[in-house]
file start-v2.txt (compact mmCIF, C-alpha atoms)
# COMPACT_ATOMS: atom_id res chain seq x y z
CA MET A 1 95.68 53.46 41.24
CA ALA A 2 94.16 56.85 42.04
CA SER A 3 91.94 56.89 45.09
CA ALA A 4 88.26 57.73 44.69
CA ARG A 5 87.52 61.42 45.07
CA PRO A 6 85.54 62.18 48.22
CA ALA A 7 82.08 63.60 47.68
CA THR A 8 81.70 67.32 48.24
CA PRO A 9 79.77 67.89 51.48
CA ALA A 10 76.14 68.81 50.88
CA PHE A 11 76.47 72.01 52.93
CA VAL A 12 79.13 73.30 50.53
CA HIS A 13 76.79 72.79 47.57
CA VAL A 14 73.93 74.53 49.36
CA ALA A 15 75.73 77.44 51.02
CA ALA A 16 78.35 78.26 48.40
CA HIS A 17 75.97 80.13 46.08
CA PRO A 18 76.24 83.90 46.79
CA VAL A 19 72.49 84.45 47.04
CA ARG A 20 71.94 81.47 49.33
CA TRP A 21 74.84 82.52 51.55
CA ARG A 22 73.38 86.02 51.79
CA LEU A 23 69.99 84.56 52.71
CA LEU A 24 71.60 82.43 55.42
CA THR A 25 73.40 85.51 56.72
CA GLU A 26 70.21 87.58 56.92
CA LEU A 27 68.26 84.77 58.60
CA ALA A 28 70.99 83.99 61.13
CA ALA A 29 69.70 86.47 63.71
CA SER A 30 66.08 87.18 62.77
CA ASP A 31 63.13 85.59 60.98
CA HIS A 32 62.06 87.39 57.82
CA ARG A 33 59.32 87.45 55.20
CA VAL A 34 60.11 86.97 51.51
CA ARG A 35 59.59 90.61 50.59
CA GLU A 36 62.02 91.66 53.31
CA LEU A 37 64.61 89.19 52.07
CA VAL A 38 64.13 90.51 48.53
CA GLU A 39 65.04 93.99 49.77
CA LEU A 40 67.89 92.78 51.97
CA VAL A 41 69.66 90.72 49.30
CA GLY A 42 68.74 92.98 46.37
CA GLN A 43 67.45 90.18 44.12
CA PRO A 44 64.11 89.55 42.35
CA GLN A 45 61.41 87.77 44.34
CA ASN A 46 61.26 84.73 42.04
CA LEU A 47 65.02 84.20 42.49
CA VAL A 48 64.85 84.62 46.25
CA SER A 49 61.92 82.19 46.45
CA TYR A 50 63.82 79.65 44.33
CA HIS A 51 66.86 79.74 46.63
CA LEU A 52 64.66 79.60 49.74
CA ARG A 53 63.11 76.41 48.37
CA LEU A 54 66.59 74.89 48.02
CA LEU A 55 67.49 75.89 51.58
CA ARG A 56 64.24 74.38 52.82
CA GLY A 57 64.94 71.21 50.87
CA ALA A 58 68.32 70.96 52.58
CA GLY A 59 66.61 71.22 55.98
CA LEU A 60 68.39 74.44 56.93
CA VAL A 61 65.42 76.78 56.64
CA SER A 62 61.78 76.35 57.61
CA SER A 63 58.73 78.54 57.06
CA ARG A 64 55.56 79.31 58.99
CA ARG A 65 52.45 81.28 58.10
CA SER A 66 52.30 84.70 59.72
CA SER A 67 49.72 85.02 62.48
CA PHE A 68 49.29 88.67 61.46
CA ASP A 69 48.64 88.07 57.75
CA ALA A 70 48.15 84.47 56.58
CA ARG A 71 49.22 85.50 53.07
CA ASP A 72 52.74 86.00 54.45
CA SER A 73 55.24 83.43 55.68
CA TYR A 74 58.19 83.88 57.99
CA TYR A 75 61.41 82.02 57.24
CA HIS A 76 63.61 80.73 60.06
CA LEU A 77 67.18 79.38 59.95
CA ASP A 78 68.02 76.32 62.05
CA LEU A 79 71.37 77.45 63.47
CA ASP A 80 72.00 74.18 65.31
CA ARG A 81 71.67 72.26 62.06
CA CYS A 82 74.02 74.74 60.39
CA ALA A 83 76.57 74.21 63.17
CA THR A 84 76.41 70.44 62.69
CA ALA A 85 76.78 70.81 58.91
CA LEU A 86 79.72 73.19 59.22
CA THR A 87 81.50 70.88 61.67
CA GLY A 88 80.99 67.95 59.33
CA THR A 89 82.25 69.99 56.38
CA GLY A 90 85.50 70.87 58.16
CA ALA A 91 86.05 67.29 59.25
CA ALA A 92 85.48 66.07 55.69
CA LEU A 93 88.45 68.16 54.57
CA HIS A 94 90.73 67.16 57.46
CA PRO A 95 90.15 65.69 60.93
CA ALA A 96 92.07 68.59 62.48
CA LEU A 97 89.33 70.96 61.27
CA ARG A 98 86.62 69.41 63.39
CA VAL A 99 85.62 72.23 65.70
CA ASP A 100 83.16 72.81 68.51
CA PRO A 101 80.85 75.86 68.62
CA PRO A 102 82.27 78.75 70.65
CA ALA A 103 81.08 79.09 74.21
CA PRO A 104 78.63 81.92 74.96
CA PRO A 105 80.03 84.95 76.80
CA THR A 106 80.81 84.52 80.48
CA ARG A 107 78.88 86.36 83.18
CA ALA A 108 82.04 88.38 83.91
CA ALA A 109 82.13 89.57 80.29
CA LEU A 110 78.46 90.51 80.43
CA ARG A 111 79.00 92.48 83.63
CA ARG A 112 81.77 94.50 81.99
CA ARG A 113 79.40 95.55 79.23
CA PRO A 114 75.79 95.32 80.51
CA CYS A 115 73.29 94.59 77.76
CA ARG A 116 69.64 95.65 77.77
CA VAL A 117 67.10 93.37 76.09
CA LEU A 118 63.35 93.75 75.59
CA PHE A 119 61.12 90.84 74.59
CA ALA A 120 57.69 91.73 73.20
CA CYS A 121 54.56 89.84 72.23
CA THR A 122 50.88 90.78 72.17
CA GLY A 123 49.62 89.65 75.57
CA ASN A 124 52.89 89.47 77.53
CA SER A 125 51.44 86.40 79.22
CA SER A 126 53.27 83.49 77.55
CA ARG A 127 56.08 83.90 75.00
CA SER A 128 57.75 87.16 76.04
CA PRO A 129 57.69 86.53 79.82
CA MET A 130 59.09 83.05 79.21
CA ALA A 131 61.88 84.61 77.16
CA GLU A 132 62.53 87.22 79.85
CA ALA A 133 62.73 84.58 82.58
CA LEU A 134 64.94 82.22 80.55
CA LEU A 135 67.46 84.90 79.56
CA ARG A 136 67.64 86.26 83.10
CA HIS A 137 68.09 82.72 84.45
CA ARG A 138 70.83 81.84 81.96
CA THR A 139 72.82 85.01 82.67
CA ARG A 140 72.09 85.14 86.43
CA GLY A 141 70.75 88.66 86.04
CA THR A 142 73.83 90.10 84.31
CA VAL A 143 71.70 91.02 81.29
CA ARG A 144 69.11 93.72 81.94
CA VAL A 145 66.05 92.05 80.51
CA THR A 146 62.36 92.92 80.51
CA SER A 147 59.26 92.03 78.53
CA ALA A 148 56.02 93.74 77.57
CA GLY A 149 52.93 93.38 75.40
CA SER A 150 50.95 95.60 73.05
CA ILE A 151 47.68 94.37 74.59
CA PRO A 152 48.72 92.81 77.89
CA LYS A 153 46.61 90.17 79.62
CA ASP A 154 45.58 90.43 83.26
CA ARG A 155 47.99 87.70 84.34
CA LEU A 156 50.58 85.23 83.11
CA HIS A 157 49.17 82.11 81.52
CA PRO A 158 49.21 79.29 84.13
CA ASP A 159 50.91 76.91 81.68
CA ALA A 160 53.71 79.44 81.08
CA VAL A 161 54.26 79.62 84.84
CA ARG A 162 54.14 75.82 85.06
CA VAL A 163 56.60 75.08 82.24
CA LEU A 164 59.14 77.55 83.62
CA ARG A 165 58.88 75.93 87.04
CA ASP A 166 58.79 72.27 85.96
CA ASP A 167 61.28 72.30 83.07
CA HIS A 168 63.63 75.12 84.07
CA GLY A 169 63.30 75.59 87.82
CA ILE A 170 62.20 79.24 87.46
CA ASP A 171 59.49 80.72 89.67
CA VAL A 172 57.61 83.65 88.06
CA ARG A 173 54.57 83.61 90.32
CA GLY A 174 53.51 87.15 91.13
CA ARG A 175 54.93 88.62 87.93
CA ARG A 176 52.29 90.70 86.09
CA PRO A 177 52.13 91.53 82.36
CA ARG A 178 53.14 95.08 81.46
CA ARG A 179 52.24 97.41 78.59
CA LEU A 180 54.67 97.98 75.74
CA ASP A 181 53.89 101.70 75.93
CA SER A 182 55.27 101.79 79.47
CA VAL A 183 58.80 101.00 78.23
CA ALA A 184 58.67 102.91 74.93
CA THR A 185 61.04 105.60 76.20
CA HIS A 186 63.52 103.14 77.71
CA ARG A 187 66.84 102.41 76.04
CA PHE A 188 67.59 98.88 74.86
CA ASP A 189 70.38 97.24 72.92
CA TYR A 190 68.11 94.53 71.51
CA VAL A 191 64.35 94.48 70.97
CA VAL A 192 63.08 90.98 70.16
CA THR A 193 59.50 90.51 68.96
CA LEU A 194 58.15 87.00 69.45
CA CYS A 195 54.82 87.25 67.65
CA ASP A 196 53.97 88.51 64.18
CA LYS A 197 51.23 90.85 65.36
CA VAL A 198 53.33 92.86 67.81
CA ARG A 199 56.05 93.22 65.21
CA GLU A 200 53.68 95.36 63.16
CA VAL A 201 52.93 97.76 66.04
CA CYS A 202 56.23 97.82 67.92
CA PRO A 203 57.18 101.44 68.67
CA GLU A 204 60.50 103.03 67.80
CA PHE A 205 62.92 103.11 70.70
CA PRO A 206 65.66 105.61 71.57
CA ASP A 207 69.21 104.90 70.38
CA HIS A 208 68.09 102.58 67.57
CA PRO A 209 68.35 99.15 69.21
CA ARG A 210 68.96 96.10 67.09
CA LEU A 211 65.57 94.69 66.09
CA LEU A 212 65.15 90.91 65.90
CA HIS A 213 62.05 88.87 65.16
CA TRP A 214 61.31 85.33 66.33
CA SER A 215 58.12 84.10 64.68
CA ILE A 216 56.84 81.75 67.39
CA PRO A 217 53.23 80.48 67.40
CA ASP A 218 51.10 81.43 70.40
CA PRO A 219 50.97 78.32 72.60
CA ALA A 220 47.78 79.57 74.22
CA ALA A 221 46.02 79.26 70.84
CA ASP A 222 47.25 75.70 70.28
CA ALA A 223 44.87 72.81 70.95
CA ALA A 224 47.82 70.79 72.26
CA GLY A 225 47.59 72.73 75.54
CA TYR A 226 50.53 72.28 77.90
CA ALA A 227 52.56 70.40 75.26
CA ALA A 228 52.46 73.55 73.10
CA PHE A 229 53.90 75.59 75.96
CA ARG A 230 56.73 73.09 76.38
CA ARG A 231 57.52 73.31 72.66
CA ALA A 232 57.43 77.11 72.73
CA ALA A 233 59.67 77.29 75.80
CA ALA A 234 62.17 74.88 74.22
CA ASP A 235 62.23 76.92 70.99
CA ILE A 236 62.71 80.15 72.92
CA ASP A 237 65.46 78.64 75.06
CA THR A 238 67.34 77.47 71.94
CA ARG A 239 67.07 80.90 70.37
CA ILE A 240 68.26 82.55 73.59
CA GLY A 241 71.35 80.35 73.45
CA HIS A 242 72.08 81.81 70.03
CA LEU A 243 71.22 85.34 71.17
CA LEU A 244 73.87 85.09 73.88
CA HIS A 245 76.53 84.89 71.19
CA LEU A 246 75.21 88.13 69.66
CA ILE A 247 75.14 89.80 73.06
CA GLY A 248 78.78 88.88 73.45
CA HIS A 249 79.66 90.98 70.39
CA THR A 250 78.04 94.31 71.25
CA ASP A 251 81.09 96.19 69.94
CA ASP A 252 79.81 95.43 66.44
CA MET A 253 76.30 96.66 67.16
CA GLU A 254 76.54 99.87 65.16
CA VAL A 255 77.71 97.94 62.10
CA HIS A 256 75.12 95.18 62.35
CA ARG A 257 71.92 97.09 63.19
CA ASP A 258 69.11 94.90 61.93
CA ARG A 259 66.94 96.31 59.18
CA ALA A 260 63.87 94.30 60.17
CA ARG A 261 60.50 95.99 59.96

call {"tool": "encode", "arguments": {"input": "start-v2.txt", "output": "structure tokens"}}
result
Amino acid sequence: MASARPATPAFVHVAAHPVRWRLLTELAASDHRVRELVELVGQPQNLVSYHLRLLRGAGLVSSRRSSFDARDSYYHLDLDRCATALTGTGAALHPALRVDPPAPPTRAALRRRPCRVLFACTGNSSRSPMAEALLRHRTRGTVRVTSAGSIPKDRLHPDAVRVLRDDHGIDVRGRRPRRLDSVATHRFDYVVTLCDKVREVCPEFPDHPRLLHWSIPDPAADAAGYAAFRRAAADIDTRIGHLLHLIGHTDDMEVHRDRAR
């Protein structure tokens, strides 16, 4: 008697379509709006929106209203969920294909090829300084990282200082916000915007750094207070873990320059 055919893993159904795979590829490093994805994948908006709905239904992609223009939404790919789905897909074919995600680059590798990263948000008091501190902490200073804001506040938000200290053991007391204009002539390999507003006013930088966007809500505007800062810091820390894998492949930077606006 023939054995029952195993069900095709759900991830195969979702990701195998060429348009959906291209959308996953474009969202892997940076959040995007629909009109940007339309241009990037070269397909009509109604088709792109249809495939985004399917990706959202599968739990791989989420969306959030832009804080710059509420008529827009930013789409974000859950890379950890993709990793779990890919591992399960390989194991469904054969147990020998169960794989673990690759380790991020070592500090020795980062020292051999120093990388320069700028994080930007509007006030440089919460999201971008948290990102700066977390990346520096993870790489023990082997990545040259800074942060700045288009309209910097007078000081870091106390809850940003607190969450870095309590949850990550990082002391940023005494650090002051800086203006984005003050680093506009500096050279970076990656420029990461963490709020939708600063993305619209971010200056052009020398040497055409790779531009990434992380659409993260402002925790200071959230009624949840300190809990919102903990959520934002956790989100940023997860994304930094993924960024480290990109940093480890700087040889491909010229090929993979992001076309984000």

call {"tool": "closest_residue", "arguments": {"input": "start-v2.txt", "among": "A:Arg71, A:Arg231, A:Arg144, A:Arg98", "to": "Ala83 (chain A)", "atoms": "all atoms listed in the file"}}
result
A:Arg98

call {"tool": "residues_around", "arguments": {"input": "start-v2.txt", "residues": "Val14 (chain A)", "least_positions_apart": "6", "cutoff": "8 Å", "atoms": "only C-alpha atoms", "output": "PDB file with C-alpha atoms, in the coordinates of the input"}}
result
ATOM      1  CA  ARG A  20      71.940  81.470  49.330  1.00  0.00           C
ATOM      2  CA  LEU A  54      66.590  74.890  48.020  1.00  0.00           C
ATOM      3  CA  LEU A  55      67.490  75.890  51.580  1.00  0.00           C
ATOM      4  CA  ALA A  58      68.320  70.960  52.580  1.00  0.00           C
TER       5      ALA A  58
END

call {"tool": "closest_residue", "arguments": {"input": "start-v2.txt", "among": "A:Val19, A:Ala28, A:Val198, A:Ala148", "to": "Val41 (chain A)", "atoms": "all atoms listed in the file"}}
result
A:Val19

call {"tool": "closest_residue", "arguments": {"input": "start-v2.txt", "among": "A:Ala10, A:Leu134, A:Ala103, A:Cys202", "to": "Ile151 (chain A)", "atoms": "all atoms listed in the file"}}
result
A:Cys202

call {"tool": "closest_residue", "arguments": {"input": "start-v2.txt", "among": "A:His137, A:Arg64, A:His17, A:His94", "to": "Gly241 (chain A)", "atoms": "all atoms listed in the file"}}
result
A:His137

call {"tool": "atom_distance", "arguments": {"input": "start-v2.txt", "atom1": "CA of Thr193 (chain A)", "atom2": "CA of Pro18 (chain A)"}}
result
28.6 Å

call {"tool": "residues_around", "arguments": {"input": "start-v2.txt", "residues": "Ser147 (chain A)", "least_positions_apart": "5", "cutoff": "10 Å", "atoms": "all atoms listed in the file", "output": "list in words"}}
result
Val117, Leu118, Phe119, Ala120, Cys121, Asn124, Ser125, Arg127, Ser128, Pro129, Met130, Ala131, Glu132, Ala133, Pro177, Arg178, Arg179, Leu180, Val183, Val191, Val192 and Thr193 of chain A

call {"tool": "residues_near_point", "arguments": {"input": "start-v2.txt", "point": "(55.2, 76.9, 75.2)", "cutoff": "8 Å", "atoms": "all atoms listed in the file", "output": "list in words"}}
result
Ser126, Arg127, Asp159, Ala160, Val163, Asp218, Pro219, Ala220, Tyr226, Ala227, Ala228, Phe229, Arg230, Arg231, Ala232, Ala233 and Ala234 of chain A

call {"tool": "write_last_selection", "arguments": {"input": "start-v2.txt", "atoms": "C-alpha atoms", "output": "CSV table (one decimal), in the frame of the given file"}}
result
chain,number,residue,atom,x,y,z
A,126,SER,CA,53.3,83.5,77.6
A,127,ARG,CA,56.1,83.9,75.0
A,159,ASP,CA,50.9,76.9,81.7
A,160,ALA,CA,53.7,79.4,81.1
A,163,VAL,CA,56.6,75.1,82.2
A,218,ASP,CA,51.1,81.4,70.4
A,219,PRO,CA,51.0,78.3,72.6
A,220,ALA,CA,47.8,79.6,74.2
A,226,TYR,CA,50.5,72.3,77.9
A,227,ALA,CA,52.6,70.4,75.3
A,228,ALA,CA,52.5,73.6,73.1
A,229,PHE,CA,53.9,75.6,76.0
A,230,ARG,CA,56.7,73.1,76.4
A,231,ARG,CA,57.5,73.3,72.7
A,232,ALA,CA,57.4,77.1,72.7
A,233,ALA,CA,59.7,77.3,75.8
A,234,ALA,CA,62.2,74.9,74.2

call {"tool": "closest_residue", "arguments": {"input": "start-v2.txt", "among": "A:Leu164, A:Ala184, A:Cys195, A:Leu24", "to": "Arg56 (chain A)", "atoms": "all atoms listed in the file"}}
result
A:Leu24

call {"tool": "atom_distance", "arguments": {"input": "start-v2.txt", "atom1": "CA of Pro105 (chain A)", "atom2": "CA of Asp80 (chain A)"}}
result
17.7 Å

call {"tool": "closest_residue", "arguments": {"input": "start-v2.txt", "among": "A:Arg199, A:His208, A:Arg138, A:His13", "to": "His242 (chain A)", "atoms": "all atoms listed in the file"}}
result
A:Arg138

call {"tool": "atom_distance", "arguments": {"input": "start-v2.txt", "atom1": "CA of Phe68 (chain A)", "atom2": "CA of His157 (chain A)"}}
result
21.1 Å

call {"tool": "decode", "arguments": {"input": "start-v2.txt", "residues": "region 60-166 of chain A", "atoms": "C-alpha atoms", "output": "PDB file, in the first residue's frame"}}
result
ATOM      1  CA  LEU A  60       5.449  36.612   7.806  1.00  0.00           C
ATOM      2  CA  VAL A  61       4.760  40.291   7.155  1.00  0.00           C
ATOM      3  CA  SER A  62       3.134  42.955   9.302  1.00  0.00           C
ATOM      4  CA  SER A  63       2.150  46.548   8.574  1.00  0.00           C
ATOM      5  CA  ARG A  64       2.017  49.778  10.556  1.00  0.00           C
ATOM      6  CA  ARG A  65       0.672  53.216   9.729  1.00  0.00           C
ATOM      7  CA  SER A  66       3.361  55.756   8.934  1.00  0.00           C
ATOM      8  CA  SER A  67       3.884  58.399  11.597  1.00  0.00           C
ATOM      9  CA  PHE A  68       4.804  60.833   8.805  1.00  0.00           C
ATOM     10  CA  ASP A  69       1.701  60.307   6.659  1.00  0.00           C
ATOM     11  CA  ALA A  70      -1.148  58.218   8.101  1.00  0.00           C
ATOM     12  CA  ARG A  71      -2.334  57.434   4.568  1.00  0.00           C
ATOM     13  CA  ASP A  72       0.803  55.318   4.143  1.00  0.00           C
ATOM     14  CA  SER A  73       1.733  52.025   5.774  1.00  0.00           C
ATOM     15  CA  TYR A  74       5.139  50.456   6.249  1.00  0.00           C
ATOM     16  CA  TYR A  75       5.524  46.717   5.765  1.00  0.00           C
ATOM     17  CA  HIS A  76       7.963  44.728   7.894  1.00  0.00           C
ATOM     18  CA  LEU A  77       9.234  41.153   7.468  1.00  0.00           C
ATOM     19  CA  ASP A  78       9.545  38.960  10.561  1.00  0.00           C
ATOM     20  CA  LEU A  79      12.933  37.377   9.851  1.00  0.00           C
ATOM     21  CA  ASP A  80      12.855  35.174  12.950  1.00  0.00           C
ATOM     22  CA  ARG A  81       9.568  33.651  11.815  1.00  0.00           C
ATOM     23  CA  CYS A  82      11.042  33.120   8.347  1.00  0.00           C
ATOM     24  CA  ALA A  83      14.035  31.340   9.882  1.00  0.00           C
ATOM     25  CA  THR A  84      11.743  29.014  11.831  1.00  0.00           C
ATOM     26  CA  ALA A  85       9.653  28.310   8.723  1.00  0.00           C
ATOM     27  CA  LEU A  86      12.713  27.617   6.576  1.00  0.00           C
ATOM     28  CA  THR A  87      14.162  25.247   9.171  1.00  0.00           C
ATOM     29  CA  GLY A  88      10.869  23.389   9.370  1.00  0.00           C
ATOM     30  CA  THR A  89      10.667  23.200   5.584  1.00  0.00           C
ATOM     31  CA  GLY A  90      14.102  21.586   5.312  1.00  0.00           C
ATOM     32  CA  ALA A  91      13.336  19.118   8.076  1.00  0.00           C
ATOM     33  CA  ALA A  92      10.058  18.167   6.372  1.00  0.00           C
ATOM     34  CA  LEU A  93      12.052  17.021   3.342  1.00  0.00           C
ATOM     35  CA  HIS A  94      14.731  15.162   5.322  1.00  0.00           C
ATOM     36  CA  PRO A  95      15.943  15.292   8.939  1.00  0.00           C
ATOM     37  CA  ALA A  96      19.501  15.924   7.721  1.00  0.00           C
ATOM     38  CA  LEU A  97      18.348  19.278   6.299  1.00  0.00           C
ATOM     39  CA  ARG A  98      17.435  20.735   9.662  1.00  0.00           C
ATOM     40  CA  VAL A  99      19.806  23.661   9.992  1.00  0.00           C
ATOM     41  CA  ASP A 100      20.551  26.383  12.509  1.00  0.00           C
ATOM     42  CA  PRO A 101      20.857  30.066  11.509  1.00  0.00           C
ATOM     43  CA  PRO A 102      24.444  31.152  10.818  1.00  0.00           C
ATOM     44  CA  ALA A 103      26.273  32.890  13.616  1.00  0.00           C
ATOM     45  CA  PRO A 104      26.807  36.651  13.262  1.00  0.00           C
ATOM     46  CA  PRO A 105      30.322  37.801  12.348  1.00  0.00           C
ATOM     47  CA  THR A 106      32.961  37.587  15.060  1.00  0.00           C
ATOM     48  CA  ARG A 107      34.578  40.673  16.566  1.00  0.00           C
ATOM     49  CA  ALA A 108      37.848  39.660  14.873  1.00  0.00           C
ATOM     50  CA  ALA A 109      36.118  39.704  11.480  1.00  0.00           C
ATOM     51  CA  LEU A 110      34.606  43.107  12.204  1.00  0.00           C
ATOM     52  CA  ARG A 111      38.003  44.483  13.201  1.00  0.00           C
ATOM     53  CA  ARG A 112      39.503  43.363   9.893  1.00  0.00           C
ATOM     54  CA  ARG A 113      36.879  45.340   8.012  1.00  0.00           C
ATOM     55  CA  PRO A 114      35.573  48.156  10.252  1.00  0.00           C
ATOM     56  CA  CYS A 115      31.994  49.129   9.477  1.00  0.00           C
ATOM     57  CA  ARG A 116      30.473  52.573  10.030  1.00  0.00           C
ATOM     58  CA  VAL A 117      26.800  52.775  10.981  1.00  0.00           C
ATOM     59  CA  LEU A 118      24.552  55.779  11.602  1.00  0.00           C
ATOM     60  CA  PHE A 119      21.172  55.479  13.327  1.00  0.00           C
ATOM     61  CA  ALA A 120      18.775  58.404  12.888  1.00  0.00           C
ATOM     62  CA  CYS A 121      15.429  59.435  14.312  1.00  0.00           C
ATOM     63  CA  THR A 122      13.790  62.805  14.892  1.00  0.00           C
ATOM     64  CA  GLY A 123      14.739  63.653  18.473  1.00  0.00           C
ATOM     65  CA  ASN A 124      17.781  61.398  18.959  1.00  0.00           C
ATOM     66  CA  SER A 125      16.535  60.874  22.503  1.00  0.00           C
ATOM     67  CA  SER A 126      15.012  57.368  22.423  1.00  0.00           C
ATOM     68  CA  ARG A 127      15.124  55.048  19.401  1.00  0.00           C
ATOM     69  CA  SER A 128      18.379  55.995  17.679  1.00  0.00           C
ATOM     70  CA  PRO A 129      20.514  56.304  20.847  1.00  0.00           C
ATOM     71  CA  MET A 130      19.155  52.953  22.025  1.00  0.00           C
ATOM     72  CA  ALA A 131      20.164  51.448  18.687  1.00  0.00           C
ATOM     73  CA  GLU A 132      23.608  53.061  18.894  1.00  0.00           C
ATOM     74  CA  ALA A 133      24.184  51.731  22.407  1.00  0.00           C
ATOM     75  CA  LEU A 134      22.911  48.226  21.614  1.00  0.00           C
ATOM     76  CA  LEU A 135      25.031  47.817  18.474  1.00  0.00           C
ATOM     77  CA  ARG A 136      28.135  49.139  20.203  1.00  0.00           C
ATOM     78  CA  HIS A 137      27.500  46.825  23.161  1.00  0.00           C
ATOM     79  CA  ARG A 138      26.968  43.751  20.966  1.00  0.00           C
ATOM     80  CA  THR A 139      30.143  44.349  18.957  1.00  0.00           C
ATOM     81  CA  ARG A 140      32.270  45.636  21.871  1.00  0.00           C
ATOM     82  CA  GLY A 141      33.027  48.790  19.920  1.00  0.00           C
ATOM     83  CA  THR A 142      34.346  47.050  16.792  1.00  0.00           C
ATOM     84  CA  VAL A 143      31.626  48.724  14.715  1.00  0.00           C
ATOM     85  CA  ARG A 144      31.946  52.492  14.412  1.00  0.00           C
ATOM     86  CA  VAL A 145      28.445  53.523  15.355  1.00  0.00           C
ATOM     87  CA  THR A 146      26.804  56.873  16.022  1.00  0.00           C
ATOM     88  CA  SER A 147      23.309  58.327  16.106  1.00  0.00           C
ATOM     89  CA  ALA A 148      21.712  61.689  15.427  1.00  0.00           C
ATOM     90  CA  GLY A 149      18.368  63.442  15.048  1.00  0.00           C
ATOM     91  CA  SER A 150      16.824  65.921  12.645  1.00  0.00           C
ATOM     92  CA  ILE A 151      15.377  67.917  15.564  1.00  0.00           C
ATOM     93  CA  PRO A 152      17.349  66.713  18.584  1.00  0.00           C
ATOM     94  CA  LYS A 153      15.969  66.975  22.107  1.00  0.00           C
ATOM     95  CA  ASP A 154      17.903  68.554  24.961  1.00  0.00           C
ATOM     96  CA  ARG A 155      18.606  65.196  26.604  1.00  0.00           C
ATOM     97  CA  LEU A 156      18.014  61.466  26.335  1.00  0.00           C
ATOM     98  CA  HIS A 157      14.613  60.313  27.490  1.00  0.00           C
ATOM     99  CA  PRO A 158      14.932  58.977  31.073  1.00  0.00           C
ATOM    100  CA  ASP A 159      13.087  55.768  30.148  1.00  0.00           C
ATOM    101  CA  ALA A 160      15.539  55.118  27.295  1.00  0.00           C
ATOM    102  CA  VAL A 161      18.408  55.460  29.764  1.00  0.00           C
ATOM    103  CA  ARG A 162      16.581  53.214  32.234  1.00  0.00           C
ATOM    104  CA  VAL A 163      15.749  50.389  29.816  1.00  0.00           C
ATOM    105  CA  LEU A 164      19.317  50.238  28.530  1.00  0.00           C
ATOM    106  CA  ARG A 165      20.605  50.028  32.094  1.00  0.00           C
ATOM    107  CA  ASP A 166      18.014  47.618  33.516  1.00  0.00           C
TER     108      ASP A 166
END
